Structures are given as structure tokens and as C-alpha cells.
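S.K.: Pasting a structure below so you can have a look.
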Amino acid sequence: MKLELRGVTKRFGSFTANDRISLTVEPGEIHALLGENGAGKSTLMNTIYGLYAPDEGEIRLDDEPVSFNGPGDAVAAGIGMVHQHFMLIPVFTVTESVALGYEPTRAAGIMDMKQAREKVLEISGRFGFDVDPDARIEDLPVGAQQRVEIIKALSRDAKVLILDEPTAVLTPQETDELITIMGQLRDSGTSIVFITHKLREVRAVADRITVIRRGAVVGETTPESTETELAGLMVGREVNLTTAKEPGVPGDVSFSVQGLTVLSPMDKVVVDNVDLEVRRGEILVIAGVDGNGQSELAQAILGIREPVAGRILLDDQDLAPLSVKQRLAAGLGFVPEDRSTDGVIGAFTVTENYGLDMYDTAPYAGGPGNVALRLPVMRKAAQTQAERFDVRMGSVDDPISTLSGGNQQKVVLAREMSRDLRLFVASQPTRGLDVGSIEFVHRTVIEERDKGTPCVIVSTELDEALNLADRIAVMYRGRIVGIVPVTTSRDVLGLMMAGVPLDEAKQQAATHHTMLSEADETAEAEENK
Amino acid sequence: MTDSGPQPGTSPAQTSKQEGPWAEAEGRLSRALRDLSQTSWLVTVLSVVVALVVGAVLILGANEEVQGSLSYFFAQPTDFLETSFQVLREAYSSLFRGAVFDWQASSVERAIRPLTETMVYSVPLILAGLGIAIGFRSGMLNIGGQGQIILGATSAGFLGYALSLPAGLHVLLALAGGIIGGAIWGGIAGVLKARTGANEVIVTIMLNNIAIYLLAWLLKQDWFKQTGSNQPLSSSVDESAQLFSLLGSGFRIHAGFLIAILATVFVWWLLERSTIGFEFRAIGENPEAARTAGINVTKATALVLIVAGGLAGLGGAAHVLGTEYRIAGGIAGSLGFDAITVALLGRSKPLGTFLAGLLLGGLRAGGVLMQAQTGTPIDIVLVLQAVIVLMIAAPPLVRTIFFLPRADGRPRLKKKHRRRPQAAGTDESASRESTLATADSGSAPTTTQEADK
């Protein structure tokens, strides 16, 4: 089916999220929609999927103008969507998940699970999906859950499939499988809209690429464009995709984690006997697919999660008896993974957020027992630091929720780095940021390293890990699979992220290259030209 | 999309920040609560207007003259209109004369007396309202004002007649006893919530009942009543423990009003200018971020309800030591629940709460005169209060009634607008947040600036 957008505009108040966007997706085409975080990709897709009504413009399917009053209409018209965060119910089986929303029924409204099950088997067989229709969603790996979402869309006869950042949660090998599936779907005539901000993937799979920036289409191109060209289009200026950094000058080991084990509230082991050593002036990146215990490890270091075994030592001092506040005071800088829930208080001003973990110490507090808040002092410090960290904002008295994600993150960094640090820990410090902010965050972390601070960065993005790390520790199901130098290939790292031990990963990688690492090599060759 | 809440199935080790649907429901409750306590001034004022209109309809409905004129409405509609106008004017003007200034009074003293009566009624409302407001600002729905007032009043009253001390000391001690009584009652809920995660709404409601029956039991004990009679009524507070009168014997206004003013200033300082209040507000707005920043959420949670209870207890103490003098079973009336209205109406701000306390006190004082002079039942005042709360709880309703634009600047009644499925069923601000999030974190405008540098 041919999907065509003509001048689609969507506004939220005075903010135009989509500005006269036109694009055409031909039948049997993989059309990549490339843009930064905040460029308006998801808004556009939600408009196509009927979640928003466009303020202007029209959507055409096979040259017929259509208007959707909700996702139900869109699905009926043959549009399927796989959201970045899957809309699945963990305790349902695959069959139940696929049937949910259009349950086939027999007489008297009894559900016909047999029919539903056959449908799952049929689709899964047609594309070689290898999904057990009776498995429970929560027992499936993320890649398989994604396939369930795709089956769900196909079972409703989707002719246009929208994939919203589908690779964000996958290992490189899983991504490879997804790319194969996308190829099969294309060959069977399904049109695919592939939303991403990752240049490599786009070049590996897309037939055509539309780049959007600040809500408007800035160019349409083919996968033959180089990465630099695509990045330039996407960001609107020339960008360095890799942050220039000197190799670190590691000193003594000053931070170590020994045999650390952490349980989830349901008593599942989420961090399993982890050992780590970080030297002064070294960045250790903990890589891995989201949800393999990295967040819990970081939380245990901060002290908001109690380990059941093991020790955390900073300069030979055991952190166990210290509260979060004491750890911060002892020189721990911590950037939490989820900015909006853990990093900042949206309704608080920039000043208050800046002072969030220093508010009760001099010079920000005074009087008996430091009970009086000295807001003017805090305000002035926030002002100075905001300038140093180049925070773009109206005033430090504005609620921080009025700032963009990148600028909020800069406030968090400014706060954490305004103290004298002995250890810096950041979880996903660039998640959801635009390219400019990512560069800034990376530079800041490297500066902190160069001051001699040991740094632990949790990242699910392999690009970031390779870019920032001096060493990479790969984590899978709560365990450290291996700690490798930054020169390790993507293929090996990808396999390790799926739990394959280092030696085995090396062997496997020697015989099989993923499409992404091939794209990687091409990109390097281009750069060297 | 880059929002990163815990998702179904990012296994094997799910982020378990929010544990199950219960936590989610709580999150929704606290969001709804925050919205409720932070509606705009305009909505608040318009809610009062709507309440007055609804009240007017009820006053007319209850009036026999109006009913009479309605029976021949089609023959002579002007009669009905005239009567209605007369009745309404009398009712609302007597409400005003009873609450603020009586221009028909025979002496100056009597003319200004209504205002002082309003103040008298408002003292416990303001003090307890401040306690509720602190809870709201800290993300806690303290329904226990009633129980805390009872405990405060009981402790203060008992100390007031059981001890004999010099005048100044006695009243101070009795007030302190009231604060401690309320603080203990609030503290029980606070410590339970902080230590075990018990829902403060349920615990405080239960504590209200316990307080009522505790008082009923006490009023059967001779050591407590110290009256020697069988009446469930305590002895009268010694003069040395009474709050002194501000304007002499012709008026009931007492030093409690000064305490209410001081408490308002104190609560403002506590919330806006102290490190303790910083913690309170932080855990109210985002407990996760507060915990990550090293704030001891457990301690702060307990402290919030201790302080809130202390203020409500002080309200009960001022009520006994300044107005009632004797402890009876119904000492708290409906003060504890009216205090919730006061805090909501005052948008959980100290000054707003003070003014809202005066308004409700005025309605109470004026209602008495209105009933006496026009026969309009004083229950109308309760209806007014109820309608105000209803309107504040549903800002979109008020906006619709007055054709105001939506809070988020989008045009009203846009039928095609759809919420994202995740946001469905939550409140308005959540949908606003999700809109921003859907616009890819809404960061495009700032990205513009960045790119232009």
C-alpha cells in the first residue's frame, strides 16, 4: 500500500511539532525517517497512527485521502505500529497478546483461542519468526517480544508497518535479525516506515531516507549518502560524530566493587557477584542491553539500593554504612538514568534543582542546624554554573520543566560536578539528548576524567561506549560477561551483550559479520578517504 | 520517543522503581492531588461565583414567597422576578452583614462585630488548614485534621483546667500540649507511612474515628472531666489558660487570631525559606529525585505529618482555649473536614489558606444571621462549600462554564484530539506532560537556539 503525507502540520500551543511534512512511502519500500531526538518523528508517526489529528494537511492511502479518529481506524485501514516501548501485557501468552483487541469469537461470544493460535503459527511460519505461541511474554527475550508486536500488526493485515526506534533495545545480532525480517516483509509487499536516529542502521536497511529537523523535512536521500552527510542534514551543521579524546592516563585503582549482589524487590538476582576496578583518570563504560542489571548496579553504588552481598570501596573506605547523603558528601557525583523521574524535580526552579543535593550545607544553608535556606546564594551559584555549562534557559527562576532535555541534563551535570569529586557515576547520561548536547556531555565527562576522577558510565548505546570508554565492561543478566579494551570490535561486543563469553564471542565474530559492523567498516573507509 | 519509564518486559532484570499497579495508582493519586491543590487563582474565584449562583437557586427554591409567585408565573412573570430579586438580595445581604459589616446595626460596636465573629470562626480553620496545606505540598493527603484537632483540643483543654499555673505560663503550656497532642496523632500516620508505606489517607481516616471514641471515653472518666456531674462535658478551662480577648468583653475575638497570623508567616517561612521545607516540597513533587539527591525521604515523610498534626492540634487548642472553654464530644464539629476545603481553596499556599479560612469563617458567621433574619437555612452555607470544592476539583468544568481557554493553550472542545494511550485516564497535567513528551521532549525550540550559536 502506498502511504502519502501532504503538508501535514501539527501544533501544540505555539510549538509546531510538525511543519508541512510531505513524504511518500511506496509499496514494498523501507522508508527511513531520520531525525534527532526532538525533531518530531514520533509526533508524525502518532499522527499517521490516528493518535493525533493533523492541524493541516492530509494523509493518503493508495491515493485516497483518509482521516482517522483513533488507532482503531488506522489499524482498520491497514496501518500497524510497533512502538519503541512495547505495548504488551507481561503475563499474557503470545497468542493472547496477538489476539488482544480483536479477539476471534465463536458462537455466544466465546473466545476462539485455537483460531488465534493458528494465526500466530501461520504468520510466524511465513516469516520464519520462531515464536512459541504459548510462551508467556515476560519469559521472552526483548527481540522475541518485538517479533510478537510485529506479528500482532501483521495479524491485522497491516500493509504499512511503522517501527518506532525498533533497535533501541536490541543487541547488534538481534538488530541483524530484525533487518532480515524487515527485508522479508518488504519483499512480500509491506511498506515499512523505520524511525531512528542511528545513521548506521539507516544505511544498512533503508531504500529511501527522509531526514527531518525541527519538525520539517530537510532532505530526502538514498543510503548511498555518507554518514557525515546524513549527520550534517540531521543536525543542521557539521558534526563530529566521535569526541576527540586523548587516551586516559590511568593512575591507581581508587574505586572497586567486590562480589556485589543485589536483589530486586521480588528477590530476583539482578546484580550477580560483580567485581569491578576503576583507576583514577579512567572511564569504565558498563555496556549492555537495557535491563541487565546496570541500573541496579549504579543505584547500589549510590546507596538507594541495598546489596545483599559484596563491598563497594572508594579509596579503601567501605561505602556500605554511609547514607546517600553521606556518599554524595564524600565526593560521589551521580547522574541518574532517568532524568525526569530521578534527576530533576520538574516543578522546581533551575536554582532549586541545582541545589537539590547541597541545599542543607554551607554556603546554601545557614542558621542553627543549617535550617535557613539561603536562596540568593544558591541562585547566584546556579547562575554562574549555568553559564559555565552553557545552559540555555530564560532564567534560573524558571521551572526546570520548561528547559529542553539537553539543558536539563546540563543542570544535572553542573550540580554533580560543582563539588570536588572522588568518583563520578552516570547512568545513560545522553539518553534522549540531541547531538549537540551529547557532544557536550561527552566532553564534560572526559574533562572530569582528565582531572583524575575515576568515572563509571552505564550506557546501552554501543556507539557511546566505544566513543567514551577507556575500558568496557559488558553486563548480561546481572553478571559481568567480560571487561575488554575499547579497541574490541562491535561484533564481539554485540555477542557479549547477548551473554556469549569473550573467547567464544571472538571465535563467532571471526566467522560472521553483522550488517552493522560491515556498515561500520564502510564508514571508516569513507572517513579515511 | 525517549521517555524511559519501566516497560513491560525489558527483562531479565526489570527496573523495579515502581512496584506494581499499587505504586502506579498512588502516583496517579498524588498527581491528581497536586493538580487539585494548585489550580489557578482564576478558577478558585470563579468557583466561588458558581457556588453563589447555585446557592441562589437553592435559596429561591426553598422560599415560599417565590414558590407562590411561581404558581402564576405565566400570568405575571414580573412578580416572580421581583420576588426572587428581593429574596436573594435579603439573603445575601444578611449573609454579608453577618460576616463583615452590619450597616443596619444600632451601634458601631455591633456594626463591626460580624467581622470579629468571622475571625473567631476562622482561627481553627486557618490553623488546621495550614496543616493540611503542608501535607498537600509534600504530596500527602492528610484527611486526619479532625482527629488531630480533637487530640489538640483535648490535650490543651485538659491542661487548661487540670493544672493551676500563673496566667502566661499556663496558656503557653496548654497551647504546647495542644500542638504535641496533634503532632502525636499526625505522627502515628506519618511514621506508619514512612516505615511501612501505609497509605496516609486510610490511616488518618481511621485515626479520626479512634480520636472521636477516645474523646467519648475520656468524657466518661471523672479524673478527666473534673466536673463531678454525669454530663459528657469537661470542666471549664481556668482563666489563666484562656487566650486573652483582643477587643474586650463585647467581642469573642481572642489572641488565637494572632496565633493564626503568626502560624501563617511561620508556615510560609518553613515551606519557602527553610531547608526542612525544601525537603518537604522535594518529596512532594518527586520523591524519587529527592531520594537520589540524598534526602532522607522516610524521615521527611514522618516529619511532614508531625508538623501538619501539630498545626491542626494548635487549631484545636486555640478553639478550646479561646472560644469553647469546655471539651464536649462534638468539640471539633466539622472543622477537620472544612480545613481540607480551606487548604484546597487556598491552593495550599499559606496566604491563600489564611484568606480561604477567613472566607469560610465568614460564611459560617454570616449564615447564622441569614438564618435568623430571612429564614434561609444555614445548610445553604454547606452547599456553597461543597460546590466550591466540586468546582476546584474539576477545573475543566469551570473553564467550560465560563468559556475560558484550556490551561495548556490548546483550543477547547477539540473533539479530534486524542491522548496517547499511556496517558489515558490520568489527569490533565499528565496529558500536558505527555504532549510535551510526544513532541519528542518538546526540545525543538531550544535546539533551535543551540543550532544557531
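In the C-alpha cells, each chain is lettered A, B, ... as it comes, each chain's residues begin at 1, and ligands are numbered from 1 in order of appearance.
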Where in segment 198-412 of chain B does DSSP assign helix (DSSP H, G or I), given as number ranges by chain?
M.R.: B: 200-218, 222-225, 239-241, 256-273, 275-285, 287-292, 297-324, 335-345, 350-374, 379-393, 395-401
S.K.: Counting only C-alpha atoms, give me one row per residue of segment 240-322 of chain A with an atom at most 10 Å from an atom of segment 413-436 of chain A, showing the shortest contact pair and its distance in Å to one decimal, sorted by chain then residue number, as CSV.
M.R.:
```
residue,atom,partner,partner_atom,distance
A:Asn240,CA,A:Val435,CA,9.3
A:Leu241,CA,A:Val435,CA,8.5
A:Ser254,CA,A:Arg422,CA,8.5
A:Phe255,CA,A:Leu423,CA,7.5
A:Val278,CA,A:Leu423,CA,9.4
A:Arg279,CA,A:Leu423,CA,10.0
A:Arg280,CA,A:Leu423,CA,8.7
A:Gly281,CA,A:Leu423,CA,9.9
A:Ile283,CA,A:Phe424,CA,9.3
A:Leu284,CA,A:Val425,CA,9.7
A:Val285,CA,A:Ala426,CA,9.5
A:Ile286,CA,A:Ser427,CA,9.2
A:Asp290,CA,A:Gln428,CA,9.8
A:Gln294,CA,A:Ser427,CA,8.1
A:Ser295,CA,A:Ser427,CA,6.8
A:Leu297,CA,A:Ser427,CA,9.8
A:Ala298,CA,A:Ser427,CA,7.0
A:Gln299,CA,A:Ser427,CA,9.2
A:Ile301,CA,A:Val425,CA,8.4
A:Leu302,CA,A:Val425,CA,8.5
A:Leu314,CA,A:Leu423,CA,7.9
A:Asp315,CA,A:Arg422,CA,8.6
```
S.K.: Can you pull out the residues contacting Asp275 of chain A? Cut-off 6 Å, using only C-alpha atoms, and skip same-chain residues under 2 positions away; I want them as an MDAnalysis selection string.
M.R.: chainID A and resid 257:259
S.K.: Write out, as a short mmCIF file (atom, residue, chain, number, x, y, z; two decimals), in the first residue's frame, the residues just selected, with N, CA, C and O atoms.
M.R.:
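Saved to part33.cif:
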```cif
data_model
loop_
_atom_site.label_atom_id
_atom_site.label_comp_id
_atom_site.auth_asym_id
_atom_site.auth_seq_id
_atom_site.Cartn_x
_atom_site.Cartn_y
_atom_site.Cartn_z
N VAL A 257 34.49 -2.52 43.23
CA VAL A 257 33.29 -3.22 43.64
C VAL A 257 33.68 -4.68 43.74
O VAL A 257 34.30 -5.22 42.82
N GLN A 258 33.37 -5.31 44.87
CA GLN A 258 33.82 -6.70 45.06
C GLN A 258 32.64 -7.60 45.40
O GLN A 258 31.98 -7.41 46.42
N GLY A 259 32.39 -8.54 44.52
CA GLY A 259 31.37 -9.56 44.77
C GLY A 259 29.99 -9.00 45.06
O GLY A 259 29.23 -9.56 45.85
#
```
S.K.: Give me, as a VMD selection string, all polymer residues having an atom no more than 7 Å from segment 344-347 of chain A, counting only C-alpha atoms and skipping those fewer than 2 positions away in the same chain.
M.R.: (chain A and resid 339 to 342 349 353 399 to 401) or (chain B and resid 285 to 286 289)
S.K.: Of the residues A:Val411, A:Val458, A:Leu356, A:Met515, which is the one nearest to Gln383 of chain A, using only C-alpha atoms?
M.R.: A:Val411
S.K.: Kindly give the distance, in Å, that separates atom CA of Leu344 of chain B and atom CA of Thr154 of chain B, rounded to a single decimal.
M.R.: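 Here the two named atoms are 26.4 Å from each other.
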S.K.: If you count only C-alpha atoms, which residues fall within 9 Å of Leu263 of chain A, apart from same-chain ones fewer than 2 positions away, as a list in words?
M.R.: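 The residues satisfying every condition are Thr261, Pro265, Met266, Asp267, Lys268, Val269, Val270, Val271, Asp272, Glu296, Arg305, Glu306, Pro307 and Val308 of chain A.
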S.K.: Can you spit out the residues from that selection as a tab-separated table (two decimals), in the first residue's frame, using C-alpha atoms?
M.R.:
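Result file follows (part-v2.tsv):
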```tsv
chain	number	residue	atom	x	y	z
A	261	THR	CA	24.99	-8.91	44.61
A	265	PRO	CA	12.09	-6.37	45.30
A	266	MET	CA	10.78	-9.72	44.05
A	267	ASP	CA	14.01	-11.34	45.31
A	268	LYS	CA	15.34	-11.97	41.84
A	269	VAL	CA	19.10	-11.61	41.50
A	270	VAL	CA	19.60	-8.52	39.35
A	271	VAL	CA	23.28	-7.87	40.05
A	272	ASP	CA	25.15	-11.12	40.36
A	296	GLU	CA	20.68	-1.54	39.82
A	305	ARG	CA	19.51	0.03	46.79
A	306	GLU	CA	20.85	-2.25	49.47
A	307	PRO	CA	23.17	-5.02	48.24
A	308	VAL	CA	22.80	-8.44	49.87
```
S.K.: What is the atom CA of Thr105 of chain A-atom CA of Ile137 of chain A distance in Å, reported with one decimal?
M.R.: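 Distance between the two atoms: 22.4 Å.
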S.K.: What is the atom CA of Asp491 of chain A-atom CA of Asp503 of chain A distance in Å, reported with one decimal?
M.R.: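 For atom CA of Asp491 of chain A relative to atom CA of Asp503 of chain A, the distance reads 12.4 Å.
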S.K.: Taking the DSSP secondary structure from the backbone, can you list the residues of segment 244-346 of chain A that are strand (DSSP E or B), as number ranges by chain?
M.R.: A: 253-263, 269-279, 283-287, 309-314, 317-318, 332-335
S.K.: Could you take the residues named above and write them with N, CA and C atoms, as a compact mmCIF listing (two decimals), in the first residue's frame?
M.R.:
```
# COMPACT_ATOMS: atom_id res chain seq x y z
N VAL A 253 44.22 2.20 41.30
CA VAL A 253 42.83 1.81 41.48
C VAL A 253 42.28 2.57 42.68
N SER A 254 41.21 3.34 42.48
CA SER A 254 40.69 4.06 43.64
C SER A 254 39.26 3.65 43.95
N PHE A 255 38.59 3.03 42.99
CA PHE A 255 37.22 2.61 43.25
C PHE A 255 37.07 1.15 42.86
N SER A 256 36.51 0.37 43.76
CA SER A 256 36.32 -1.02 43.38
C SER A 256 35.04 -1.58 43.96
N VAL A 257 34.49 -2.52 43.23
CA VAL A 257 33.29 -3.22 43.64
C VAL A 257 33.68 -4.68 43.74
N GLN A 258 33.37 -5.31 44.87
CA GLN A 258 33.82 -6.70 45.06
C GLN A 258 32.64 -7.60 45.40
N GLY A 259 32.39 -8.54 44.52
CA GLY A 259 31.37 -9.56 44.77
C GLY A 259 29.99 -9.00 45.06
N LEU A 260 29.66 -7.92 44.39
CA LEU A 260 28.40 -7.25 44.71
C LEU A 260 27.19 -8.01 44.17
N THR A 261 26.23 -8.25 45.02
CA THR A 261 24.99 -8.91 44.61
C THR A 261 23.81 -8.09 45.10
N VAL A 262 22.88 -7.83 44.19
CA VAL A 262 21.71 -7.03 44.52
C VAL A 262 20.47 -7.81 44.09
N LEU A 263 19.45 -7.78 44.94
CA LEU A 263 18.20 -8.45 44.60
C LEU A 263 17.15 -7.42 44.21
N VAL A 269 17.73 -12.15 41.52
CA VAL A 269 19.10 -11.61 41.50
C VAL A 269 19.23 -10.70 40.28
N VAL A 270 19.47 -9.42 40.49
CA VAL A 270 19.60 -8.52 39.35
C VAL A 270 21.05 -8.09 39.12
N VAL A 271 21.84 -8.07 40.20
CA VAL A 271 23.28 -7.87 40.05
C VAL A 271 23.92 -9.07 40.71
N ASP A 272 24.73 -9.81 39.93
CA ASP A 272 25.15 -11.12 40.36
C ASP A 272 26.66 -11.17 40.54
N ASN A 273 27.11 -11.01 41.78
CA ASN A 273 28.52 -11.22 42.11
C ASN A 273 29.46 -10.42 41.19
N VAL A 274 29.26 -9.12 41.16
CA VAL A 274 30.00 -8.27 40.22
C VAL A 274 31.29 -7.75 40.85
N ASP A 275 32.38 -7.89 40.10
CA ASP A 275 33.66 -7.31 40.51
C ASP A 275 34.08 -6.26 39.49
N LEU A 276 34.48 -5.10 39.98
CA LEU A 276 34.95 -4.04 39.07
C LEU A 276 36.07 -3.29 39.75
N GLU A 277 37.00 -2.80 38.94
CA GLU A 277 38.03 -1.91 39.48
C GLU A 277 38.16 -0.73 38.53
N VAL A 278 38.16 0.45 39.08
CA VAL A 278 38.32 1.63 38.24
C VAL A 278 39.49 2.45 38.77
N ARG A 279 40.35 2.87 37.85
CA ARG A 279 41.52 3.65 38.25
C ARG A 279 41.22 5.13 38.19
N ILE A 283 37.91 6.04 32.40
CA ILE A 283 36.47 5.88 32.22
C ILE A 283 36.17 4.41 31.94
N LEU A 284 35.38 3.81 32.82
CA LEU A 284 34.92 2.44 32.58
C LEU A 284 33.47 2.52 32.15
N VAL A 285 33.19 2.05 30.93
CA VAL A 285 31.80 2.04 30.49
C VAL A 285 31.22 0.66 30.73
N ILE A 286 30.04 0.64 31.36
CA ILE A 286 29.35 -0.63 31.54
C ILE A 286 28.32 -0.72 30.43
N ALA A 287 28.62 -1.60 29.45
CA ALA A 287 27.75 -1.72 28.29
C ALA A 287 26.81 -2.89 28.49
N ALA A 309 25.12 -8.76 49.25
CA ALA A 309 26.47 -9.25 49.48
C ALA A 309 27.45 -8.36 48.73
N GLY A 310 28.69 -8.39 49.16
CA GLY A 310 29.73 -7.67 48.45
C GLY A 310 30.06 -6.33 49.07
N ARG A 311 31.12 -5.74 48.55
CA ARG A 311 31.58 -4.47 49.11
C ARG A 311 31.78 -3.45 48.00
N ILE A 312 31.60 -2.20 48.37
CA ILE A 312 31.88 -1.10 47.46
C ILE A 312 32.92 -0.24 48.15
N LEU A 313 34.08 -0.13 47.56
CA LEU A 313 35.18 0.57 48.22
C LEU A 313 35.60 1.79 47.42
N LEU A 314 35.66 2.92 48.09
CA LEU A 314 36.18 4.12 47.46
C LEU A 314 37.42 4.54 48.26
N GLN A 317 37.80 2.91 51.52
CA GLN A 317 36.76 3.13 52.52
C GLN A 317 35.51 2.39 52.07
N ASP A 318 34.96 1.57 52.95
CA ASP A 318 33.74 0.85 52.59
C ASP A 318 32.56 1.81 52.63
N LEU A 332 30.99 11.61 45.79
CA LEU A 332 30.38 10.86 44.69
C LEU A 332 29.51 11.80 43.86
N GLY A 333 29.80 11.84 42.56
CA GLY A 333 28.92 12.59 41.66
C GLY A 333 28.07 11.57 40.93
N PHE A 334 26.74 11.78 40.91
CA PHE A 334 25.86 10.75 40.36
C PHE A 334 24.86 11.36 39.40
N VAL A 335 24.86 10.88 38.17
CA VAL A 335 23.86 11.30 37.19
C VAL A 335 22.92 10.13 36.98
```
S.K.: Which residues are close to Glu165 of chain A, i.e. within 6 Å by only C-alpha atoms, leaving aside same-chain residues fewer than 5 positions away? Reply as a ChimeraX atom specification.
M.R.: /A:84,195-196
S.K.: Could you dump the residues just selected with N, CA and C atoms as a PDB file, in the first residue's frame?
M.R.:
```pdb
ATOM      1  N   GLN A  84       8.212   1.967  20.363  1.00  0.00           N
ATOM      2  CA  GLN A  84       9.542   1.762  20.922  1.00  0.00           C
ATOM      3  C   GLN A  84       9.444   0.961  22.214  1.00  0.00           C
ATOM      4  N   ILE A 195      11.720   4.395  11.932  1.00  0.00           N
ATOM      5  CA  ILE A 195      12.102   5.646  12.593  1.00  0.00           C
ATOM      6  C   ILE A 195      13.358   5.420  13.400  1.00  0.00           C
ATOM      7  N   THR A 196      14.322   6.286  13.253  1.00  0.00           N
ATOM      8  CA  THR A 196      15.554   6.089  14.001  1.00  0.00           C
ATOM      9  C   THR A 196      16.373   7.373  14.045  1.00  0.00           C
TER      10      THR A 196
END
```
S.K.: Determine the nearest neighbour of chain A from the options B:Arg110, B:Arg364, B:Arg281, B:Arg252, counting only C-alpha atoms.
M.R.: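 Among B:Arg110, B:Arg364, B:Arg281, B:Arg252, it is B:Arg281 that comes nearest to chain A.
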